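Quick notes on the structure that follows.
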Amino acid sequence: MSLWVIQRDLLLAMRRRSDVLTTLFFFIIVVSLFPLGVGPEINILRTMAPGVVWVAALLASMLSLGRMFSSDYLDGTLEQMLLSPQSLSMLVLGKALAHWLVTGVPLVLMSPVLGIQYDLSADALLVLTASLLLGTPVLSLIGAIGAALTLGLRGGGVLVSLLVLPLYIPILIFGAGAVEASAAGLGAGAHLSLLGAFLLASLVLAPWATAVSLRISME
Amino acid sequence: MAINWFKYSSPASFYFLAGKMIPLFTIAAIILFAVGLYIGFFVAPTDFQQGEAYRIIFIHVPAAWMSMFLYVIMAIWAGIGLAFNTRLSSMMATAIAPTGAMFTFLALWTGALWGKPMWGTWWVWDARLTSELILLFLYIGFMSLQAAIDDPRRADKAGAVIALVGVVNIPIIYFSVKWWNTLHQGATVSVTQSPKMAATMLTGMLIMSIACWMYAIAVILIRTRTIILERERHTAWVGELRGMAQ
Amino acid sequence: MSILQGSDLECVRGDRRLFRDINFSLNAGELLQVHGPNGSGKTSLLRMLCGLATPAHGKICWHGTDIRSLKGDYYGAITYLGHLSGVKDDLTAIENLRISSALAGVEIEAKKAHEALQHMGLGGRELLPAKVLSQGQRRRVALARLLVCGTVLWILDEPLAALDSAAVKLMQTLLEQHLGKGGMVVMTTHQEIDITTGATQRLQLT
């Protein structure tokens, strides 16, 4: 299984904790900037909160995509992964999950605190956290495709955002929509189930597409 | 890969075939545009609700159709190129992208021009306009990825992956945007409830669509020829061409 | 039939054709040394042999089957060491060795990893992070993989680069032992290396 890949990437992340913290602080700062931009009117902030938190999560997850493969690419480990008798898709799945554990989970854990800044109700906070919990792994999985395609390219960091952000749109819509739906009393069940469906679909398809992309980029 | 017809789709033979076809499509496009625009501006009746402003649909609607068709066709060619390693199909995909992006931009632009008299604002976050905008982003992503890669073979294959991922996502994006739109602004003016269309309007629009197809095919063939020349510049047959030109 | 066979191989990089009509066949206990000036396509050839790159023309067969259709089965039989050693700065020597072996499908005990590193002359440095090791020592960490993986075919790109004379000697015995056991090696090197066991073939790229 790809468990030891996850273990290895977590170990590497532990040895370079600053990288993990940078992503988290980026997320916190972006979310905290919005009230300064639009003013402290609490009713406006409350309606904006889900969208702001979700867009910030999108950006934070995207900014850290570069790290998913680039260090392995630069020191030759990626070549060894491609030559592994184990399935490359499974290795990629392991790396994407490790990426999520390192960048996505901290965002999920931090989001209720940021939601309080925007005066969200307890229910809304719960839905926001649940939507991020289901949605952020999809960001890592889809992002892996973009990271693999832009491997070793000049200006790969900006390019990956062009490729990946449009694909993130459904996640953004249903993630932020879940919170708004629950606030409007419609219940967030439908939105959350759709996010779950996206998660399952991307668990199956994205590692495979990423493996194909890695072979293309390494040739 | 022992299928014979791949040989007939070799870049060299395609280059000459395309050279013969381009004038035909160009002439067809010019004639059809002239006829279509004439119907659109002079024959089609003035709309009793929207006045003369509606006439922009003769460009807007075909452009929007083309933008979506071309993305799918581009993805199909790119996918064939990836699966069977046929260089010509990948070149076609690369050649389609700018035309597709142009039509997408045109659809957005004319949509904004139409929106001003209709809704009193240049831009509405209407589901169709938003999807069209995202489609433009997808085209731009495809083109920038290919432009950033120096090795043409890698560019072809990487472009194919992103085009295919995009084509899988387009329906998902479209329906999510549509749902988002109904959730947020249920009662805005919708393009769907178009008034009953006069037969001449429909004819005009169809002719304009065919004209757009002819134009797109002509331009794509020209661009494919250029790409073939660039990629094959070291081969014997391009050398001969150059010899003839001097 | 030979075990590893390359026929009519051609390599094109961008606009340039690096080589064409390369043929070779390799049997148990044989060493293939690839020679050629810089930029003649030595690394490209080795990457083709691993299946990382596809030849513009020709094919490579392992026991008579095209390696592109073998995939995982073939990867399990080879060890490739490229220019980049695949050694992570933030991991210790022993972690590096254990992880790279796990990647190659062989999970090894800490004890075995210790022994291999000791054999490569890294005794006492197993627990240092790779970033404090010298270039030659990092190379040794990478080469230690050859001791534990037990693969048949070694594909080595400049394995002697950055190694001191003691390590070169060590490498030489390692190669001889491998060939003596019926293993196969394809390697590029600028340094001359004396291998007495097994048949040595030379492949000259221009």
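Chain labels follow the order of the structure tokens: the first chain is A, the next B, and so on; residue numbering restarts at 1 in every chain, and ligands are counted from 1 in their shown order.
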
Checklist entry - Could you write out as a ChimeraX atom specification the residues of chain C within 8 Å of chain A, counting only C-alpha atoms? => result /C:50-54,71-76,80,82-88,90-91,99-100,103-105

Item to check | Exercise answer, chain C residues close to chain B, 9 Å and only C-alpha atoms, as a count of residues only | outcome: 3

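Using only C-alpha atoms, the contacts of His191 in chain A at a cut-off of 7 Å, with sequence neighbours closer than 6 positions omitted, comprise Phe174, Gly177 and Ala178 of chain A.
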
Checklist entry - Given the choices C:His35, C:Ser134, C:Cys11, C:Leu147, which gets closest to Ala162 in chain C if the distance is worked out from only C-alpha atoms? => result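 Among the listed residues, C:Ser134 lies closest to Ala162 in chain C.
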
Next on the checklist: Using DSSP secondary structure from the backbone, list all strand (DSSP E or B) positions within range 77-133 of chain C, as a list in words.
Outcome noted: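 Taking range 77-133 of chain C and keeping strand (DSSP E or B) gives Ile78, Thr79, Tyr80, Leu81, Thr92 and Pro129 of chain C.
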
Written selection (C-alpha atoms) as a CSV table (one decimal), in the first residue's frame:
```
chain,number,residue,atom,x,y,z
C,78,ILE,CA,16.0,-3.4,-12.4
C,79,THR,CA,17.7,-0.8,-10.2
C,80,TYR,CA,18.4,2.5,-11.8
C,81,LEU,CA,20.8,5.1,-10.4
C,92,THR,CA,19.0,10.3,7.7
C,129,PRO,CA,20.7,13.8,8.0
```

Checklist entry - Given the choices B:Leu206, B:Leu108, B:Val72, B:Ile173, which gets closest to chain A if the distance is worked out from only C-alpha atoms? => result B:Ile173

Per residue of chain B within 8 Å of chain A, which atom pair is closest and at what distance in Å (one decimal), using only C-alpha atoms, listed by chain and increasing number, as a tab-separated table?
```
residue	atom	partner	partner_atom	distance
B:Ile134	CA	A:Pro166	CA	6.3
B:Phe137	CA	A:Pro166	CA	6.6
B:Leu138	CA	A:Pro166	CA	6.7
B:Ile140	CA	A:Leu162	CA	7.6
B:Gly141	CA	A:Leu163	CA	4.9
B:Phe142	CA	A:Leu163	CA	7.4
B:Ser144	CA	A:Leu159	CA	7.2
B:Leu145	CA	A:Leu159	CA	6.9
B:Ala148	CA	A:Leu153	CA	6.7
B:Ile149	CA	A:Leu153	CA	6.8
B:Arg154	CA	A:Ile216	CA	6.2
B:Lys157	CA	A:Ile216	CA	6.6
B:Ala158	CA	A:Leu149	CA	6.0
B:Val161	CA	A:Ser213	CA	7.0
B:Ile162	CA	A:Leu163	CA	7.6
B:Gly166	CA	A:Leu167	CA	7.4
B:Asn169	CA	A:Leu167	CA	6.9
B:Ile172	CA	A:Pro170	CA	6.9
B:Ile173	CA	A:Pro170	CA	5.6
B:Ser176	CA	A:Pro170	CA	5.6
B:Val177	CA	A:Ile173	CA	7.4
B:Trp180	CA	A:Ile173	CA	6.5
```

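Between CA of Ala127 in chain B and CA of Tyr174 in chain B lies a distance of 7.7 Å.
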
Next on the checklist: So the first atom is CA of Cys149 in chain C and the second is CA of Leu127 in chain C; what is the distance between them in Å, to one decimal place?
Outcome noted: 20.8 Å

Next on the checklist: Report as a PyMOL selection string all protein, DNA and RNA residues lying within 12 Å of Leu59 in chain A, evaluated on only C-alpha atoms, omitting residues in the same chain fewer than 4 positions from it.
Outcome noted: chain A and resi 23-24+26-31+52-55+63-65+103-104+107+136+139-140+143+157-158+160-162+164-165+168-169+172

Checklist outcome for this item: From the list A:Ser89, A:Leu195, A:Ala49, A:Ala201, the nearest residue to Asp119 in chain A using only C-alpha atoms is A:Ala49

Next on the checklist: At a cut-off of 8 Å, using only C-alpha atoms, what residues contact Leu37 in chain B? Leave out same-chain residues fewer than 4 positions from it and give the result as a ChimeraX atom specification.
Outcome noted: /B:33,41,58,204,208

Next on the checklist: At a cut-off of 9 Å, using only C-alpha atoms, what residues contact Thr200 in chain B? Leave out same-chain residues fewer than 4 positions from it and give the result as a list of chain:residue names.
Outcome noted: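 The filter keeps B:Ile39, B:Gly40, B:Val43, B:Ala44, B:Pro45, B:Gly204, B:Met205.
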
With N, CA and C atoms kept, could you save the residues just selected as a PDB file, in the first residue's frame?
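As a result, selection_8.pdb now contains:
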```pdb
ATOM      1  N   ILE B  39     -29.523  38.754 -43.752  1.00  0.00           N
ATOM      2  CA  ILE B  39     -30.780  38.323 -43.133  1.00  0.00           C
ATOM      3  C   ILE B  39     -30.907  38.928 -41.745  1.00  0.00           C
ATOM      4  N   GLY B  40     -29.826  38.869 -41.000  1.00  0.00           N
ATOM      5  CA  GLY B  40     -29.842  39.343 -39.620  1.00  0.00           C
ATOM      6  C   GLY B  40     -30.190  40.819 -39.524  1.00  0.00           C
ATOM      7  N   VAL B  43     -33.530  41.436 -43.161  1.00  0.00           N
ATOM      8  CA  VAL B  43     -34.716  40.623 -43.396  1.00  0.00           C
ATOM      9  C   VAL B  43     -35.466  40.320 -42.103  1.00  0.00           C
ATOM     10  N   ALA B  44     -34.708  39.942 -41.080  1.00  0.00           N
ATOM     11  CA  ALA B  44     -35.361  39.552 -39.821  1.00  0.00           C
ATOM     12  C   ALA B  44     -36.124  40.742 -39.244  1.00  0.00           C
ATOM     13  N   PRO B  45     -37.352  40.490 -38.750  1.00  0.00           N
ATOM     14  CA  PRO B  45     -38.168  41.589 -38.245  1.00  0.00           C
ATOM     15  C   PRO B  45     -37.648  42.139 -36.913  1.00  0.00           C
ATOM     16  N   GLY B 204     -31.522  32.871 -40.228  1.00  0.00           N
ATOM     17  CA  GLY B 204     -30.341  33.740 -40.148  1.00  0.00           C
ATOM     18  C   GLY B 204     -29.311  33.175 -39.201  1.00  0.00           C
ATOM     19  N   MET B 205     -29.811  32.702 -38.056  1.00  0.00           N
ATOM     20  CA  MET B 205     -28.894  32.209 -37.043  1.00  0.00           C
ATOM     21  C   MET B 205     -28.201  30.934 -37.520  1.00  0.00           C
TER      22      MET B 205
END
```

Item to check | Sel. of helix (DSSP H, G or I) residues, range 14-97 of chain C, as number ranges by chain | outcome: C: 42-50, 67-70, 72-75, 93-97

Selected residues written out with N, CA, C and O atoms, as an mmCIF file, in the first residue's frame:
```
data_model
loop_
_atom_site.group_PDB
_atom_site.id
_atom_site.type_symbol
_atom_site.label_atom_id
_atom_site.label_comp_id
_atom_site.auth_asym_id
_atom_site.auth_seq_id
_atom_site.Cartn_x
_atom_site.Cartn_y
_atom_site.Cartn_z
ATOM 1 N N LYS C 42 24.113 9.341 -23.797
ATOM 2 C CA LYS C 42 24.313 8.201 -22.890
ATOM 3 C C LYS C 42 23.171 8.131 -21.868
ATOM 4 O O LYS C 42 22.552 7.090 -21.698
ATOM 5 N N THR C 43 22.916 9.260 -21.229
ATOM 6 C CA THR C 43 21.850 9.266 -20.230
ATOM 7 C C THR C 43 20.508 8.947 -20.865
ATOM 8 O O THR C 43 19.717 8.178 -20.322
ATOM 9 N N SER C 44 20.244 9.514 -22.066
ATOM 10 C CA SER C 44 18.984 9.237 -22.749
ATOM 11 C C SER C 44 18.841 7.745 -23.013
ATOM 12 O O SER C 44 17.754 7.186 -22.849
ATOM 13 N N LEU C 45 19.943 7.096 -23.397
ATOM 14 C CA LEU C 45 19.883 5.660 -23.675
ATOM 15 C C LEU C 45 19.531 4.888 -22.401
ATOM 16 O O LEU C 45 18.678 4.004 -22.410
ATOM 17 N N LEU C 46 20.196 5.270 -21.292
ATOM 18 C CA LEU C 46 19.913 4.559 -20.041
ATOM 19 C C LEU C 46 18.471 4.776 -19.603
ATOM 20 O O LEU C 46 17.806 3.864 -19.118
ATOM 21 N N ARG C 47 17.963 6.005 -19.787
ATOM 22 C CA ARG C 47 16.568 6.273 -19.403
ATOM 23 C C ARG C 47 15.602 5.460 -20.276
ATOM 24 O O ARG C 47 14.550 5.045 -19.814
ATOM 25 N N MET C 48 15.982 5.241 -21.525
ATOM 26 C CA MET C 48 15.156 4.379 -22.381
ATOM 27 C C MET C 48 15.159 2.954 -21.859
ATOM 28 O O MET C 48 14.139 2.277 -21.844
ATOM 29 N N LEU C 49 16.360 2.504 -21.435
ATOM 30 C CA LEU C 49 16.470 1.131 -20.950
ATOM 31 C C LEU C 49 15.616 0.908 -19.716
ATOM 32 O O LEU C 49 15.117 -0.180 -19.470
ATOM 33 N N CYS C 50 15.448 1.967 -18.908
ATOM 34 C CA CYS C 50 14.607 1.842 -17.708
ATOM 35 C C CYS C 50 13.132 1.915 -18.050
ATOM 36 O O CYS C 50 12.306 1.557 -17.225
ATOM 37 N N ILE C 67 9.533 -3.998 -23.082
ATOM 38 C CA ILE C 67 9.465 -3.545 -21.687
ATOM 39 C C ILE C 67 8.273 -2.629 -21.452
ATOM 40 O O ILE C 67 7.794 -2.510 -20.328
ATOM 41 N N ARG C 68 7.771 -2.004 -22.514
ATOM 42 C CA ARG C 68 6.622 -1.105 -22.315
ATOM 43 C C ARG C 68 5.364 -1.878 -21.928
ATOM 44 O O ARG C 68 4.489 -1.355 -21.268
ATOM 45 N N SER C 69 5.288 -3.146 -22.369
ATOM 46 C CA SER C 69 4.118 -3.916 -21.963
ATOM 47 C C SER C 69 4.359 -4.632 -20.635
ATOM 48 O O SER C 69 3.409 -5.064 -19.986
ATOM 49 N N LEU C 70 5.619 -4.742 -20.214
ATOM 50 C CA LEU C 70 5.904 -5.415 -18.947
ATOM 51 C C LEU C 70 5.637 -4.527 -17.739
ATOM 52 O O LEU C 70 5.146 -4.988 -16.709
ATOM 53 N N GLY C 72 5.450 -2.975 -14.472
ATOM 54 C CA GLY C 72 5.831 -3.309 -13.100
ATOM 55 C C GLY C 72 6.730 -4.521 -12.973
ATOM 56 O O GLY C 72 7.670 -4.530 -12.179
ATOM 57 N N ASP C 73 6.476 -5.557 -13.785
ATOM 58 C CA ASP C 73 7.295 -6.759 -13.709
ATOM 59 C C ASP C 73 8.752 -6.451 -14.040
ATOM 60 O O ASP C 73 9.673 -7.006 -13.456
ATOM 61 N N TYR C 74 8.919 -5.551 -15.017
ATOM 62 C CA TYR C 74 10.275 -5.187 -15.413
ATOM 63 C C TYR C 74 10.917 -4.287 -14.352
ATOM 64 O O TYR C 74 12.065 -4.474 -13.976
ATOM 65 N N TYR C 75 10.127 -3.337 -13.843
ATOM 66 C CA TYR C 75 10.679 -2.421 -12.836
ATOM 67 C C TYR C 75 11.169 -3.183 -11.611
ATOM 68 O O TYR C 75 12.115 -2.774 -10.953
ATOM 69 N N ALA C 93 20.668 8.909 6.724
ATOM 70 C CA ALA C 93 21.167 7.940 5.741
ATOM 71 C C ALA C 93 20.337 6.667 5.793
ATOM 72 O O ALA C 93 19.943 6.122 4.757
ATOM 73 N N ILE C 94 20.048 6.232 7.005
ATOM 74 C CA ILE C 94 19.352 4.944 7.119
ATOM 75 C C ILE C 94 17.899 5.070 6.649
ATOM 76 O O ILE C 94 17.365 4.195 5.967
ATOM 77 N N GLU C 95 17.266 6.189 6.987
ATOM 78 C CA GLU C 95 15.891 6.406 6.503
ATOM 79 C C GLU C 95 15.866 6.451 4.979
ATOM 80 O O GLU C 95 14.985 5.870 4.337
ATOM 81 N N ASN C 96 16.855 7.135 4.415
ATOM 82 C CA ASN C 96 16.941 7.217 2.962
ATOM 83 C C ASN C 96 17.004 5.841 2.338
ATOM 84 O O ASN C 96 16.288 5.535 1.391
ATOM 85 N N LEU C 97 17.870 5.000 2.902
ATOM 86 C CA LEU C 97 18.064 3.674 2.326
ATOM 87 C C LEU C 97 16.793 2.843 2.476
ATOM 88 O O LEU C 97 16.354 2.184 1.529
#
```

Checklist entry - If we count only C-alpha atoms, what is near Gln204 in chain C at a cut-off of 10 Å, once residues fewer than 3 positions away on the same chain are taken out, given as a list in words? => result Ile22, Gln33, Val34, His35, Gly36, Pro37, Ser40, Lys42 and Gln201 of chain C

Next on the checklist: So, with only C-alpha atoms as the atoms that count, which of C:Ala144, C:Leu31, C:Leu133, C:Leu117 lies closest to Met187 in chain C?
Outcome noted: C:Leu31
